[in-house]
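Take a look at the structure below.
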Amino acid sequence: MAHCHCVDCRKFHGAAFSTFAEVKITDFTWTSGQHFLKAYQAENGSVRQFCQECGSSLTFQPSVHGGLVEFALATLDDNGKFVPDAHIFMDSKVDWYSPQDDLAKYSKHRSE
């Protein structure tokens, strides 16, 4: 789980960063409302899903990390048990926000 500061996440969420958790797509299941999902495919091949009923940003499927799905933590009814452990894509963060926490900070993705 991480706070992502990339341009695409900022635009998708309309915020300084987004907070996602990542799981294998085979371990991810919608329990209801799947018929409300709409998808947007970016130029880089990643796919973002949102709810056409309420407009909530819900998932992100990166094009380079096949078999994974990321879901927006703030959309969960019980999100208190999940704690992000990093800031990623700090090279893309907005100029007016500087994280003051002790979380790890990466210029791009954790693996880069």
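Ligands are numbered from 1 in the order shown, residues from 1 within each chain, and chains are lettered A, B, ... in the order they appear in the structure tokens.
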
Sorted per-residue table, stretch 64-101 of chain A near stretch 23-39 of chain A, closest atoms and distance, 12 Å, only C-alpha atoms, as a tab-separated table:
```
residue	atom	partner	partner_atom	distance
A:His65	CA	A:Lys24	CA	9.9
A:Gly66	CA	A:Ile25	CA	8.9
A:Gly67	CA	A:Ile25	CA	5.5
A:Leu68	CA	A:Lys24	CA	4.4
A:Val69	CA	A:Ile25	CA	5.3
A:Glu70	CA	A:Val23	CA	6.3
A:Phe71	CA	A:Val23	CA	8.3
A:Ala72	CA	A:Val23	CA	11.6
A:Leu76	CA	A:Trp30	CA	11.8
```

Q) Hey, what's within 10 Å of stretch 90-95 of chain A if we count only C-alpha atoms and toss same-chain stuff fewer than 3 positions away? As a PyMOL selection string, please? A) chain A and resi 3-8+10+15-17+87+98-99+105-109

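By only C-alpha atoms, and with residues fewer than 4 positions from A:Ser57 along its chain excluded, the set lying at most 9 Å from it is Phe12, His13, Arg48, Gln49, Phe50, Cys51, Phe71, Ala72 and Thr75 of chain A.
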
Can you write just those residues out, C-alpha atoms, as a PDB file, in the first residue's frame?
```
ATOM      1  CA  PHE A  12      -7.834  10.387 -11.693  1.00  0.00           C
ATOM      2  CA  HIS A  13      -8.487  11.263  -8.054  1.00  0.00           C
ATOM      3  CA  ARG A  48      -8.568   2.556 -14.393  1.00  0.00           C
ATOM      4  CA  GLN A  49     -12.073   1.698 -13.257  1.00  0.00           C
ATOM      5  CA  PHE A  50     -14.610   4.030 -11.726  1.00  0.00           C
ATOM      6  CA  CYS A  51     -18.245   3.824 -10.647  1.00  0.00           C
ATOM      7  CA  PHE A  71      -7.738  -0.580  -5.374  1.00  0.00           C
ATOM      8  CA  ALA A  72      -8.325   2.806  -3.798  1.00  0.00           C
ATOM      9  CA  THR A  75     -13.349   3.648  -1.060  1.00  0.00           C
TER      10      THR A  75
END
```

(Q) Can you tell me which residues surround A:Ala74 at a distance of at most 12 Å, considering only C-alpha atoms, apart from same-chain residues fewer than 3 positions away, and format the answer as a PyMOL selection string? (A) chain A and resi 1+3+13+17-21+56-59+71+77-84

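Taking atom CA of A:Glu43 and atom CA of A:Gln61 as the two end points, the separation is 13.0 Å.
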
Q. How many Å separate atom CA of A:Ser63 from atom CA of A:Glu22?
A. 13.5 Å

Residue set, chain A restricted to helix (DSSP H, G or I), as a compact mmCIF listing (two decimals) with all heavy atoms, in the first residue's frame:
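Result file is states_25.txt:
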```
# COMPACT_ATOMS: atom_id res chain seq x y z
N VAL A 7 1.30 11.70 -12.04
CA VAL A 7 0.36 12.62 -12.68
C VAL A 7 -0.98 11.94 -12.95
O VAL A 7 -2.04 12.52 -12.70
CB VAL A 7 0.97 13.18 -13.99
CG1 VAL A 7 -0.05 14.00 -14.76
CG2 VAL A 7 2.21 13.99 -13.69
N ASP A 8 -0.96 10.71 -13.45
CA ASP A 8 -2.21 10.02 -13.77
C ASP A 8 -3.07 9.80 -12.53
O ASP A 8 -4.28 10.01 -12.56
CB ASP A 8 -1.94 8.68 -14.46
CG ASP A 8 -1.39 8.86 -15.87
OD1 ASP A 8 -1.63 9.92 -16.48
OD2 ASP A 8 -0.73 7.94 -16.36
N CYS A 9 -2.46 9.38 -11.42
CA CYS A 9 -3.23 9.17 -10.18
C CYS A 9 -3.79 10.49 -9.66
O CYS A 9 -4.93 10.55 -9.21
CB CYS A 9 -2.37 8.51 -9.10
SG CYS A 9 -2.19 6.73 -9.33
N ARG A 10 -2.98 11.53 -9.72
CA ARG A 10 -3.46 12.84 -9.25
C ARG A 10 -4.67 13.29 -10.06
O ARG A 10 -5.66 13.75 -9.51
CB ARG A 10 -2.34 13.87 -9.32
CG ARG A 10 -1.29 13.65 -8.27
CD ARG A 10 -0.30 14.79 -8.13
NE ARG A 10 0.64 14.87 -9.25
CZ ARG A 10 0.69 15.86 -10.14
NH1 ARG A 10 -0.12 16.87 -10.07
NH2 ARG A 10 1.60 15.83 -11.10
N LYS A 11 -4.61 13.11 -11.37
CA LYS A 11 -5.73 13.52 -12.22
C LYS A 11 -6.95 12.63 -12.01
O LYS A 11 -8.08 13.10 -11.97
CB LYS A 11 -5.31 13.52 -13.69
CG LYS A 11 -4.39 14.66 -14.01
CD LYS A 11 -4.02 14.68 -15.48
CE LYS A 11 -3.14 15.89 -15.77
NZ LYS A 11 -2.79 15.98 -17.18
N PHE A 12 -6.72 11.34 -11.86
CA PHE A 12 -7.83 10.39 -11.69
C PHE A 12 -8.59 10.65 -10.39
O PHE A 12 -9.80 10.52 -10.33
CB PHE A 12 -7.30 8.96 -11.73
CG PHE A 12 -8.36 7.89 -11.78
CD1 PHE A 12 -9.26 7.81 -12.83
CD2 PHE A 12 -8.44 6.93 -10.79
CE1 PHE A 12 -10.23 6.82 -12.89
CE2 PHE A 12 -9.39 5.92 -10.84
CZ PHE A 12 -10.29 5.88 -11.89
N HIS A 13 -7.86 11.03 -9.36
CA HIS A 13 -8.49 11.26 -8.05
C HIS A 13 -8.78 12.74 -7.78
O HIS A 13 -9.48 13.05 -6.82
CB HIS A 13 -7.60 10.70 -6.93
CG HIS A 13 -7.60 9.21 -6.91
ND1 HIS A 13 -8.57 8.48 -6.28
CD2 HIS A 13 -6.77 8.32 -7.48
CE1 HIS A 13 -8.33 7.20 -6.45
NE2 HIS A 13 -7.25 7.07 -7.19
N ILE A 25 -4.74 -10.14 -9.13
CA ILE A 25 -6.10 -10.03 -9.65
C ILE A 25 -6.92 -11.29 -9.35
O ILE A 25 -8.13 -11.22 -9.18
CB ILE A 25 -6.09 -9.69 -11.16
CG1 ILE A 25 -7.43 -9.09 -11.55
CG2 ILE A 25 -5.70 -10.87 -12.00
CD1 ILE A 25 -7.40 -8.28 -12.81
N THR A 26 -6.24 -12.43 -9.22
CA THR A 26 -6.95 -13.67 -8.89
C THR A 26 -7.45 -13.68 -7.45
O THR A 26 -8.32 -14.48 -7.10
CB THR A 26 -6.03 -14.90 -9.13
OG1 THR A 26 -4.82 -14.71 -8.38
CG2 THR A 26 -5.72 -15.06 -10.60
N ASP A 27 -6.91 -12.78 -6.61
CA ASP A 27 -7.34 -12.69 -5.21
C ASP A 27 -8.34 -11.56 -4.98
O ASP A 27 -8.72 -11.28 -3.85
CB ASP A 27 -6.13 -12.46 -4.29
CG ASP A 27 -5.19 -13.65 -4.26
OD1 ASP A 27 -5.66 -14.79 -4.50
OD2 ASP A 27 -3.99 -13.44 -4.03
N GLN A 34 -20.75 -4.57 -9.53
CA GLN A 34 -19.85 -4.67 -10.67
C GLN A 34 -20.48 -4.10 -11.95
O GLN A 34 -19.78 -3.58 -12.81
CB GLN A 34 -19.43 -6.12 -10.89
CG GLN A 34 -18.28 -6.26 -11.85
CD GLN A 34 -17.67 -7.65 -11.84
OE1 GLN A 34 -18.15 -8.55 -11.16
NE2 GLN A 34 -16.62 -7.84 -12.60
N HIS A 35 -21.80 -4.14 -12.04
CA HIS A 35 -22.48 -3.63 -13.25
C HIS A 35 -22.39 -2.10 -13.36
O HIS A 35 -22.68 -1.53 -14.40
CB HIS A 35 -23.94 -4.09 -13.28
CG HIS A 35 -24.76 -3.62 -12.12
ND1 HIS A 35 -24.65 -4.17 -10.86
CD2 HIS A 35 -25.67 -2.64 -12.03
CE1 HIS A 35 -25.47 -3.55 -10.04
NE2 HIS A 35 -26.11 -2.61 -10.72
N PHE A 36 -21.95 -1.42 -12.29
CA PHE A 36 -21.77 0.03 -12.33
C PHE A 36 -20.39 0.45 -12.81
O PHE A 36 -20.12 1.64 -12.98
CB PHE A 36 -22.00 0.64 -10.94
CG PHE A 36 -23.43 0.61 -10.49
CD1 PHE A 36 -23.76 -0.08 -9.33
CD2 PHE A 36 -24.43 1.25 -11.19
CE1 PHE A 36 -25.07 -0.12 -8.90
CE2 PHE A 36 -25.74 1.22 -10.76
CZ PHE A 36 -26.06 0.53 -9.61
N LEU A 73 -7.89 2.71 -1.41
CA LEU A 73 -8.19 2.40 -0.01
C LEU A 73 -9.34 3.22 0.55
O LEU A 73 -10.14 2.72 1.33
CB LEU A 73 -6.95 2.60 0.86
CG LEU A 73 -5.88 1.54 0.74
CD1 LEU A 73 -4.72 1.86 1.67
CD2 LEU A 73 -6.42 0.16 1.07
N ALA A 74 -9.44 4.48 0.18
CA ALA A 74 -10.46 5.34 0.75
C ALA A 74 -11.88 4.95 0.34
O ALA A 74 -12.84 5.42 0.94
CB ALA A 74 -10.18 6.79 0.39
N THR A 75 -12.01 4.07 -0.64
CA THR A 75 -13.35 3.65 -1.06
C THR A 75 -13.89 2.49 -0.23
O THR A 75 -15.07 2.16 -0.32
CB THR A 75 -13.37 3.23 -2.55
OG1 THR A 75 -12.49 2.11 -2.73
CG2 THR A 75 -12.94 4.37 -3.44
N MET A 90 7.51 10.26 -6.26
CA MET A 90 7.74 11.58 -5.66
C MET A 90 8.28 12.59 -6.68
O MET A 90 8.09 13.79 -6.51
CB MET A 90 8.70 11.46 -4.47
CG MET A 90 8.11 10.75 -3.27
SD MET A 90 6.78 11.67 -2.50
CE MET A 90 7.69 13.05 -1.81
N ASP A 91 8.92 12.11 -7.75
CA ASP A 91 9.41 13.02 -8.80
C ASP A 91 8.26 13.77 -9.48
O ASP A 91 8.48 14.80 -10.10
CB ASP A 91 10.19 12.26 -9.86
CG ASP A 91 11.58 11.84 -9.41
OD1 ASP A 91 11.99 12.22 -8.29
OD2 ASP A 91 12.25 11.13 -10.17
N SER A 92 7.04 13.23 -9.36
CA SER A 92 5.88 13.82 -10.02
C SER A 92 4.96 14.58 -9.07
O SER A 92 3.93 15.07 -9.49
CB SER A 92 5.05 12.72 -10.69
OG SER A 92 5.83 11.97 -11.58
```

Q) Could you pull out the strand (DSSP E) residues of stretch 14-76 of chain A from DSSP and send them as a PyMOL selection string? A) chain A and resi 18-24+37-41+47-51+57-61+68-72

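Atom CA of A:Ala2 sits 12.8 Å away from atom CA of A:Asp102.
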